[in-house]
Every structure is written in structure tokens, then in C-alpha cells.
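Text of input.txt, listed as compact mmCIF, C-alpha atoms:
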```
# COMPACT_ATOMS: atom_id res chain seq x y z
CA MET A 1 -68.77 -74.86 0.43
CA SER A 2 -65.17 -73.67 0.74
CA LEU A 3 -61.98 -75.72 1.02
CA VAL A 4 -61.69 -74.76 4.70
CA ASP A 5 -65.05 -76.44 5.40
CA VAL A 6 -63.93 -79.68 3.71
CA LEU A 7 -60.57 -80.10 5.46
CA PRO A 8 -60.60 -81.73 8.92
CA ARG A 9 -60.21 -79.30 11.77
CA PRO A 10 -57.14 -79.73 13.99
CA VAL A 11 -57.75 -81.09 17.46
CA ALA A 12 -56.62 -78.83 20.27
CA LEU A 13 -54.04 -80.48 22.51
CA THR A 14 -54.25 -78.82 25.90
CA ALA A 15 -54.20 -81.60 28.51
CA SER A 16 -51.64 -84.22 29.51
CA CYS A 17 -52.20 -87.94 29.85
CA ARG A 18 -52.62 -89.12 33.45
CA HIS A 19 -50.44 -92.15 32.76
CA CYS A 20 -47.61 -91.23 30.37
CA GLY A 21 -47.80 -87.42 30.53
CA GLY A 22 -48.22 -87.06 26.75
CA ALA A 23 -50.48 -84.55 25.07
CA THR A 24 -54.18 -85.43 24.85
CA ALA A 25 -57.24 -84.00 23.19
CA SER A 26 -58.91 -81.15 25.05
CA GLY A 27 -60.83 -82.48 28.03
CA ALA A 28 -59.49 -86.05 27.73
CA ALA A 29 -57.68 -87.71 30.64
CA TYR A 30 -55.71 -90.21 28.54
CA CYS A 31 -53.97 -90.08 25.18
CA CYS A 32 -55.01 -93.62 24.19
CA ALA A 33 -56.88 -96.68 25.37
CA GLY A 34 -53.62 -98.37 26.36
CA CYS A 35 -52.76 -95.62 28.84
CA ARG A 36 -56.29 -95.76 30.26
CA GLY A 37 -55.94 -99.50 30.78
CA ALA A 38 -52.49 -99.12 32.37
CA HIS A 39 -53.74 -96.42 34.74
CA ASP A 40 -56.74 -98.50 35.76
CA LEU A 41 -54.51 -101.54 36.28
CA ILE A 42 -52.08 -99.62 38.50
CA ALA A 43 -54.96 -98.21 40.53
CA GLY A 44 -56.56 -101.64 40.80
CA LEU A 45 -53.32 -103.06 42.22
CA GLY A 46 -53.28 -100.36 44.88
CA LEU A 47 -50.18 -98.70 43.42
CA ALA A 48 -51.67 -95.34 42.45
CA ARG A 49 -49.04 -93.49 44.47
CA PHE A 50 -46.66 -94.36 41.62
CA TYR A 51 -47.80 -91.15 39.92
CA ASP A 52 -46.82 -89.11 43.00
CA LEU A 53 -43.24 -90.42 43.03
CA PRO A 54 -40.39 -88.43 41.40
CA GLY A 55 -40.56 -89.08 37.68
CA GLY A 56 -43.76 -91.10 38.16
CA ARG A 57 -44.84 -91.28 34.53
CA GLY A 58 -45.42 -94.60 32.82
CA SER A 59 -44.56 -95.80 29.35
CA ARG A 60 -47.27 -95.95 26.72
CA PRO A 61 -48.38 -99.57 26.10
CA GLU A 62 -47.94 -100.73 22.53
CA PRO A 63 -50.56 -102.97 20.90
CA GLN A 64 -48.29 -105.89 20.02
CA PRO A 65 -48.11 -109.47 21.30
CA ALA A 66 -45.64 -110.14 24.09
CA GLU A 67 -42.65 -112.35 23.37
CA SER A 68 -42.84 -115.77 24.99
CA LEU A 69 -39.90 -116.39 27.31
CA ALA A 70 -40.82 -119.97 28.24
CA ALA A 71 -37.74 -121.34 26.48
CA HIS A 72 -35.48 -119.33 28.81
CA VAL A 73 -37.10 -120.44 32.08
CA ARG A 74 -35.02 -122.61 34.41
CA ALA A 75 -36.65 -125.04 36.84
CA LEU A 76 -35.17 -125.32 40.33
CA ASP A 77 -35.09 -128.29 42.67
CA ASP A 78 -37.66 -126.78 45.05
CA GLY A 79 -40.30 -126.65 42.31
CA THR A 80 -39.98 -122.94 41.54
CA LYS A 81 -38.93 -121.41 38.24
CA THR A 82 -36.45 -118.62 37.60
CA LEU A 83 -35.95 -116.28 34.67
CA ASP A 84 -33.57 -113.46 33.81
CA ALA A 85 -34.86 -110.98 31.23
CA VAL A 86 -34.24 -107.43 30.04
CA ILE A 87 -36.93 -104.76 30.43
CA ASP A 88 -37.25 -102.03 27.79
CA GLY A 89 -38.87 -98.78 28.93
CA LEU A 90 -37.23 -98.24 32.33
CA VAL A 91 -36.60 -94.54 32.87
CA CYS A 92 -36.34 -93.93 36.62
CA PRO A 93 -36.38 -95.63 40.05
CA SER A 94 -40.16 -95.16 40.15
CA CYS A 95 -40.47 -97.66 37.29
CA VAL A 96 -38.42 -100.15 39.30
CA TRP A 97 -40.72 -99.69 42.29
CA LEU A 98 -43.81 -100.11 40.13
CA ILE A 99 -42.62 -103.32 38.44
CA GLU A 100 -41.39 -104.94 41.64
CA SER A 101 -44.56 -103.97 43.50
CA ALA A 102 -46.88 -105.10 40.70
CA LEU A 103 -45.18 -108.49 40.38
CA GLY A 104 -45.05 -108.82 44.17
CA ARG A 105 -48.84 -108.61 44.26
CA ARG A 106 -49.06 -111.92 42.39
CA PRO A 107 -49.34 -114.85 44.86
CA GLU A 108 -47.23 -117.15 42.65
CA VAL A 109 -44.25 -114.75 42.62
CA VAL A 110 -41.55 -115.65 45.15
CA SER A 111 -39.23 -112.73 44.33
CA ALA A 112 -38.83 -110.10 41.64
CA ARG A 113 -35.82 -107.80 41.45
CA VAL A 114 -35.12 -105.13 38.83
CA ASN A 115 -31.74 -103.47 38.20
CA LEU A 116 -32.24 -99.96 36.85
CA THR A 117 -28.69 -99.65 35.48
CA THR A 118 -28.74 -102.82 33.40
CA GLY A 119 -32.53 -103.06 32.93
CA ARG A 120 -32.36 -106.66 34.13
CA LEU A 121 -35.28 -108.47 35.76
CA SER A 122 -34.59 -111.50 37.97
CA LEU A 123 -37.86 -113.37 38.58
CA ARG A 124 -38.60 -116.43 40.67
CA CYS A 125 -42.12 -117.81 40.75
CA LYS A 126 -44.18 -120.97 41.14
CA GLY A 127 -46.62 -120.75 38.24
CA ASP A 128 -46.61 -119.99 34.53
CA VAL A 129 -43.91 -117.38 33.91
CA ASP A 130 -45.53 -116.02 30.74
CA ALA A 131 -48.80 -115.52 32.61
CA VAL A 132 -47.00 -113.64 35.37
CA LEU A 133 -45.01 -111.45 32.98
CA GLY A 134 -48.09 -110.71 30.87
CA LEU A 135 -48.73 -107.95 33.38
CA LEU A 136 -45.75 -105.86 32.26
CA PRO A 137 -46.74 -105.16 28.61
CA ARG A 138 -50.06 -103.88 29.92
CA LEU A 139 -48.10 -101.39 32.03
CA GLY A 140 -46.05 -100.23 29.02
CA TYR A 141 -42.86 -102.27 29.50
CA ARG A 142 -41.50 -104.75 26.97
CA LEU A 143 -39.50 -107.84 27.80
CA ARG A 144 -36.83 -109.67 25.88
CA ALA A 145 -34.70 -112.66 26.71
CA LEU A 146 -31.30 -112.14 28.31
CA ASP A 147 -28.69 -114.01 26.31
CA GLU A 148 -25.59 -113.87 28.51
CA ASP A 149 -23.51 -115.95 26.11
CA ALA A 150 -24.25 -113.56 23.23
CA ALA A 151 -23.51 -110.56 25.46
CA ALA A 152 -20.21 -112.11 26.55
CA SER A 153 -19.28 -112.86 22.92
CA ALA A 154 -20.10 -109.29 21.90
CA GLY A 155 -17.98 -107.99 24.77
CA ASP A 156 -15.03 -110.19 23.79
CA ALA A 157 -15.31 -109.05 20.17
CA GLU A 158 -15.28 -105.41 21.27
CA ASP A 159 -12.22 -106.05 23.46
CA ARG A 160 -10.39 -107.63 20.53
CA LYS A 161 -11.33 -104.71 18.29
CA LEU A 162 -9.94 -102.21 20.81
CA LEU A 163 -6.79 -104.28 21.24
CA ARG A 164 -6.18 -104.38 17.48
CA ALA A 165 -6.71 -100.63 17.24
CA LEU A 166 -4.30 -100.13 20.15
CA ALA A 167 -1.64 -102.29 18.47
CA VAL A 168 -1.97 -100.41 15.16
CA ALA A 169 -1.76 -97.02 16.89
CA GLY A 170 1.26 -98.09 18.96
CA PHE A 171 3.11 -99.48 15.93
CA ALA A 172 2.39 -96.35 13.88
CA ALA A 173 3.29 -93.97 16.73
CA GLY A 174 6.67 -95.67 17.28
CA ASN A 175 7.67 -95.56 13.61
CA ILE A 176 6.45 -92.01 13.02
CA MET A 177 8.32 -90.84 16.12
CA LEU A 178 11.56 -92.23 14.67
CA LEU A 179 10.99 -90.20 11.50
CA SER A 180 10.06 -87.10 13.52
CA VAL A 181 13.22 -87.36 15.63
CA SER A 182 15.23 -87.40 12.41
CA VAL A 183 13.47 -84.22 11.27
CA TRP A 184 13.98 -82.49 14.64
CA SER A 185 17.64 -83.43 15.03
CA GLY A 186 18.54 -82.33 11.51
CA ALA A 187 16.37 -79.21 11.37
CA GLY A 188 19.33 -76.88 10.81
CA GLU A 189 21.20 -79.00 8.27
CA MET A 190 18.56 -81.13 6.52
CA GLY A 191 17.44 -80.02 3.10
CA ALA A 192 13.83 -79.32 2.25
CA ALA A 193 13.61 -82.33 -0.10
CA THR A 194 14.78 -84.75 2.61
CA ARG A 195 12.44 -83.20 5.17
CA ASP A 196 9.48 -83.48 2.80
CA LEU A 197 10.35 -87.12 2.10
CA LEU A 198 10.28 -87.90 5.83
CA HIS A 199 6.98 -86.04 6.19
CA TRP A 200 5.47 -88.04 3.33
CA LEU A 201 6.66 -91.28 4.90
CA SER A 202 5.03 -90.18 8.16
CA ALA A 203 1.80 -89.42 6.32
CA LEU A 204 1.92 -92.80 4.58
CA ILE A 205 1.99 -94.50 7.99
CA ALA A 206 -0.22 -92.09 9.96
CA LEU A 207 -3.28 -91.65 7.74
CA PRO A 208 -4.23 -95.36 7.43
CA ALA A 209 -3.44 -95.86 11.13
CA ILE A 210 -5.69 -92.96 12.16
CA ALA A 211 -8.49 -94.22 9.89
CA TYR A 212 -8.35 -97.67 11.53
CA ALA A 213 -7.37 -96.96 15.13
CA GLY A 214 -9.73 -93.99 15.42
CA GLN A 215 -12.85 -96.01 14.61
CA PRO A 216 -13.91 -96.47 18.28
CA PHE A 217 -13.93 -92.70 18.71
CA PHE A 218 -15.23 -91.73 15.27
CA GLY A 219 -18.17 -94.17 15.44
CA SER A 220 -19.19 -93.04 18.91
CA ALA A 221 -18.92 -89.35 17.97
CA LEU A 222 -20.98 -89.83 14.80
CA ALA A 223 -23.71 -91.69 16.71
CA ALA A 224 -23.84 -88.92 19.31
CA LEU A 225 -24.11 -86.17 16.69
CA ARG A 226 -26.88 -88.04 14.88
CA ALA A 227 -28.78 -88.15 18.17
CA GLY A 228 -28.42 -84.38 18.52
CA ARG A 229 -25.97 -84.45 21.44
CA ALA A 230 -22.23 -84.53 22.10
CA ASN A 231 -19.93 -86.74 24.13
CA MET A 232 -16.22 -86.82 24.90
CA ASP A 233 -15.48 -88.65 21.64
CA VAL A 234 -16.64 -85.63 19.59
CA PRO A 235 -13.75 -83.28 20.56
CA ILE A 236 -11.32 -86.21 20.38
CA SER A 237 -12.40 -86.98 16.82
CA ILE A 238 -12.29 -83.32 15.82
CA GLY A 239 -8.81 -82.84 17.30
CA VAL A 240 -7.28 -85.93 15.71
CA THR A 241 -8.88 -85.22 12.33
CA LEU A 242 -7.79 -81.57 12.31
CA ALA A 243 -4.23 -82.48 13.33
CA ALA A 244 -3.98 -84.98 10.50
CA ALA A 245 -5.55 -82.59 7.98
CA ILE A 246 -3.30 -79.68 8.94
CA SER A 247 -0.23 -81.93 8.80
CA LEU A 248 -1.19 -83.14 5.34
CA ALA A 249 -1.71 -79.55 4.17
CA GLU A 250 1.69 -78.56 5.58
CA THR A 251 3.32 -81.48 3.78
CA LEU A 252 1.62 -80.65 0.48
CA GLN A 253 2.89 -77.07 0.70
CA SER A 254 6.44 -78.18 1.66
CA ARG A 255 6.32 -76.39 5.00
CA PRO A 256 8.60 -77.32 7.90
CA HIS A 257 6.01 -78.45 10.45
CA ALA A 258 3.82 -81.57 10.52
CA TYR A 259 2.01 -83.17 13.45
CA PHE A 260 1.34 -86.74 12.37
CA ASP A 261 3.25 -88.03 15.41
CA SER A 262 1.05 -86.01 17.79
CA ALA A 263 -2.22 -87.26 16.26
CA VAL A 264 -1.24 -90.93 16.31
CA THR A 265 0.36 -90.79 19.77
CA LEU A 266 -2.77 -89.13 21.16
CA LEU A 267 -4.87 -91.96 19.74
CA PHE A 268 -2.47 -94.50 21.23
CA PHE A 269 -2.74 -93.16 24.79
CA LEU A 270 -6.51 -92.65 24.53
CA LEU A 271 -6.95 -96.23 23.35
CA ILE A 272 -4.92 -97.47 26.33
CA GLY A 273 -7.34 -95.67 28.64
CA ARG A 274 -10.39 -96.91 26.72
CA TYR A 275 -9.18 -100.52 26.78
CA LEU A 276 -8.33 -100.49 30.50
CA ASP A 277 -11.66 -98.84 31.30
CA ARG A 278 -13.55 -101.48 29.36
CA ARG A 279 -11.67 -104.30 31.08
CA ALA A 280 -12.45 -102.79 34.49
CA ARG A 281 -16.13 -102.44 33.59
CA GLY A 282 -16.18 -106.03 32.37
CA ARG A 283 -14.76 -107.31 35.66
CA ALA A 284 -17.30 -105.27 37.63
CA ARG A 285 -20.12 -106.59 35.44
CA ASP A 286 -18.97 -110.18 35.91
CA ALA A 287 -18.78 -109.68 39.68
CA ALA A 288 -22.31 -108.28 39.72
CA THR A 289 -23.56 -111.23 37.68
CA ARG A 290 -21.96 -113.71 40.06
CA LEU A 291 -23.44 -111.86 43.04
CA ALA A 292 -26.89 -111.94 41.47
CA ALA A 293 -26.50 -115.67 40.83
CA LEU A 294 -25.56 -116.24 44.47
CA GLU A 295 -28.61 -114.29 45.61
```

Spell out the structure here as C-alpha cells.
Amino acid sequence: MSLVDVLPRPVALTASCRHCGGATASGAAYCCAGCRGAHDLIAGLGLARFYDLPGGRGSRPEPQPAESLAAHVRALDDGTKTLDAVIDGLVCPSCVWLIESALGRRPEVVSARVNLTTGRLSLRCKGDVDAVLGLLPRLGYRLRALDEDAAASAGDAEDRKLLRALAVAGFAAGNIMLLSVSVWSGAGEMGAATRDLLHWLSALIALPAIAYAGQPFFGSALAALRAGRANMDVPISIGVTLAAAISLAETLQSRPHAYFDSAVTLLFFLLIGRYLDRRARGRARDAATRLAALE
């Protein structure tokens, strides 16, 4: 008996799962028992046309107990119960249609609305909420409680962080610009030693300011690169870092040009835009939350 006969033979993967679209063993219709159960459940609810919709591919159910959300349920005066939760696994409008239609089949459900952008589920029903929502893990979607207070606190903390970075960049840009104006105005008469001293003072202010004020851009760019993609923060980070590095090299070699003022001022104006954009998004999010509460 040879070693080839002892080792397990690889299974040919030629088909795709009828529920999630993943690879399956040759001749098999489903990749796992969870997908088979989800497909049978969708068909049993009369929602089989989900697979004919654009992007109609479900999420693979995971064999883990569902989180109880009973502590987050609010009782209303008319005897119904309401719950706001976040759904993990939403990928397209077809998922929204499937979840709303599946929950709407339950007689105890008064209304069920899903927001694809925020992944938020707003449910109103008459019976046991956990029993109603037990349907979603079987379809491949996970639920977690929506903690609006924690989300608001996290948003306020991020706003304060951006504001501190903006203040540091503005302070550094103003002081470095004063030193740069001195260099520019005395370019023909200033000695090399005085010019280098002003460049070193600029570097002393600029490098710590860039390291602190650039964190919102550097962190986002690093996360994007780790995920194998790029966003607008990647060229921003590269440009600011290169400008600071070239300026430091010019200063070390006692050359006449340094660009610390450009790097810090660029960060300052970009942080203004980032802060105003975040405030506008926060106001829009608050308005949407109030509208949902009114509904």
C-alpha cells in the first residue's frame, strides 16, 4: 500500500449551494445542513422567489444559540411590544425583502421594517419577541441589541477626537506659517544657520502635530490597506507623510526648502471638512431616528 492510497482523496467542488451560492461537493445541492434548512424554510413560507431576485443569495446559518433580546423589549399601552435591533448579514435589498416578508407571515407580528443602510430592524408584535425573532438565525441572519446611548456616546467621543486633532493642526499650522514667512521674506539676506534654525523649529512643531492630528486619516488608511483595498485616506496619508519626510531630509542636509507648513495646513483643512461632514451625518442620523420613532 502506497502513501497515496492512505491519504484522503480531495473532494471535487463543482456545484454551488442553492441557498448561499458557496461551493458544494459534486452532485450536492447544499454546502451544509444549515443551508438546506434555510432553503426549505424559505420555500415553506412561500418566499422561494427570493432566489430569483437580484443578489438573491442567503447567508449561511451558523450553529450557535441566538442572543435573547427580551431585556430590550418595550411594552406599549395597546398591549403590543416593540424592539429595535441590528441585523448582521444584510447584503442587498433582497435580504430586506426576505426578512420583512418572513416576519410578516407570522400572525403575531404587527409590523416589521428593515433599514438596509443602518442594518436596523424595527419590530412590533403581540407575542413573545424571542420566539418571533428565532426565525432569523435559521435564515442565516444574526441579531444584536441596539444600544442607542452607547452609539451616541461613541459618536460624541469621535467628534471630540476630531475637534482636538483640528485644534492641534490649526495651532501648529499658524505657528509654522509665521516661521515660514520669516524664511520667505529674508531669503536673500538670511544666513544658512538662521534659516536652518527656523526649519528645525518648524520641524519641532510639525512632526508631533502631524503624528497626532493625522491619526483619523492614518488609522482609516491602515485599516483599508489591511483589508486589501484603498480609500481616500490612503493618498492623503501618503502625501502628508512624504511631505514631512522630504522636509526633514531637506532640513538635515541644510537645504533651502522645507514643506512642514504645507503638510500641517493640508491636515488642518482636511480635518475641517471631516469634522463638518461628521456633524452633518450626525444630524441626518438623528433626524432619521426621530422619524422612525414617530412612525

Name the residues within 7 Å of (-42.0, -117.3, 29.5), counting all atoms listed in the file in the file's coordinates, and put them as a list in words.
Ser68, Leu69, Ala70, Ala71, His72, Val73, Val129 and Asp130 of chain A

Write a file of the just-selected residues containing C-alpha atoms, as a PDB file, in the frame of the given file.
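Output file result_11.pdb follows:
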```
ATOM      1  CA  SER A  68     -42.840-115.770  24.990  1.00  0.00           C
ATOM      2  CA  LEU A  69     -39.900-116.390  27.310  1.00  0.00           C
ATOM      3  CA  ALA A  70     -40.820-119.970  28.240  1.00  0.00           C
ATOM      4  CA  ALA A  71     -37.740-121.340  26.480  1.00  0.00           C
ATOM      5  CA  HIS A  72     -35.480-119.330  28.810  1.00  0.00           C
ATOM      6  CA  VAL A  73     -37.100-120.440  32.080  1.00  0.00           C
ATOM      7  CA  VAL A 129     -43.910-117.380  33.910  1.00  0.00           C
ATOM      8  CA  ASP A 130     -45.530-116.020  30.740  1.00  0.00           C
TER       9      ASP A 130
END
```

When you look at range 219-222 of chain A with a cut-off of 8 Å (counting all atoms listed in the file), what residues show up, excluding the ones that are within fewer than 3 positions of it in the same chain? I need them as number ranges by chain.
A: 215-216, 225-226, 230-234, 237

Dump as a compact mmCIF listing (two decimals), in the frame of the given file, selection limited to C-alpha atoms:
```
# COMPACT_ATOMS: atom_id res chain seq x y z
CA GLN A 215 -12.85 -96.01 14.61
CA PRO A 216 -13.91 -96.47 18.28
CA LEU A 225 -24.11 -86.17 16.69
CA ARG A 226 -26.88 -88.04 14.88
CA ALA A 230 -22.23 -84.53 22.10
CA ASN A 231 -19.93 -86.74 24.13
CA MET A 232 -16.22 -86.82 24.90
CA ASP A 233 -15.48 -88.65 21.64
CA VAL A 234 -16.64 -85.63 19.59
CA SER A 237 -12.40 -86.98 16.82
```

Selection: 12 Å around Ser182 in chain A, all atoms listed in the file, excl. self and same-chain fewer than 5 positions, as an MDAnalysis selection string:
chainID A and resid 175:177 187:190 194:199 202

List the neighbours of range 39-51 of chain A out to 12 Å using all atoms listed in the file; skip same-chain residues closer than 2 positions along the sequence, and give me the result as an MDAnalysis selection string.
chainID A and resid 17:21 29:37 53:61 92:106 135:140

Need to verify the contact set: Leu267 in chain A, 8 Å, all atoms listed in the file, exclusion of same-chain residues closer than 5 positions in sequence. Can you return it as a tab-separated table (two decimals) with C-alpha atoms, in the frame of the given file?
```tsv
chain	number	residue	atom	x	y	z
A	169	ALA	CA	-1.76	-97.02	16.89
A	210	ILE	CA	-5.69	-92.96	12.16
A	213	ALA	CA	-7.37	-96.96	15.13
A	214	GLY	CA	-9.73	-93.99	15.42
A	240	VAL	CA	-7.28	-85.93	15.71
```

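Relative to CA of Arg278 in chain A, CA of Phe260 in chain A is found at 27.0 Å.
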
Pairwise distance, CA of Phe268 in chain A with CA of Leu163 in chain A, equals 10.7 Å

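For the pair CA of Gly174 in chain A and CA of Phe269 in chain A, the interatomic distance is 12.3 Å.
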
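The nearest approach to Gly191 in chain A among the residues A:Gly79, A:Thr117, A:Ala206, A:Ser254, with only C-alpha atoms taken into account, belongs to A:Ser254.
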
Nearest to Ala193 in chain A, restricted to all atoms listed in the file and choosing among A:Ala244, A:Arg229, A:Asn115, A:Pro256, comes out as A:Pro256

Range 122-125 of chain A: which residues within 8 Å, counting only C-alpha atoms, same-chain residues fewer than 5 positions away excluded, as a ChimeraX atom specification?
/A:80-85,108-114

Would you please work out which residue, of A:Gly186, A:Ala165, A:Ala227, A:Arg283, is nearest to Ala211 in chain A when using all atoms listed in the file?
A:Ala165

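Minimum atom-to-atom distance to Tyr259 in chain A, evaluated using only C-alpha atoms, belongs to A:Leu179 out of A:Leu116, A:Ala223, A:Leu179, A:Ala192.
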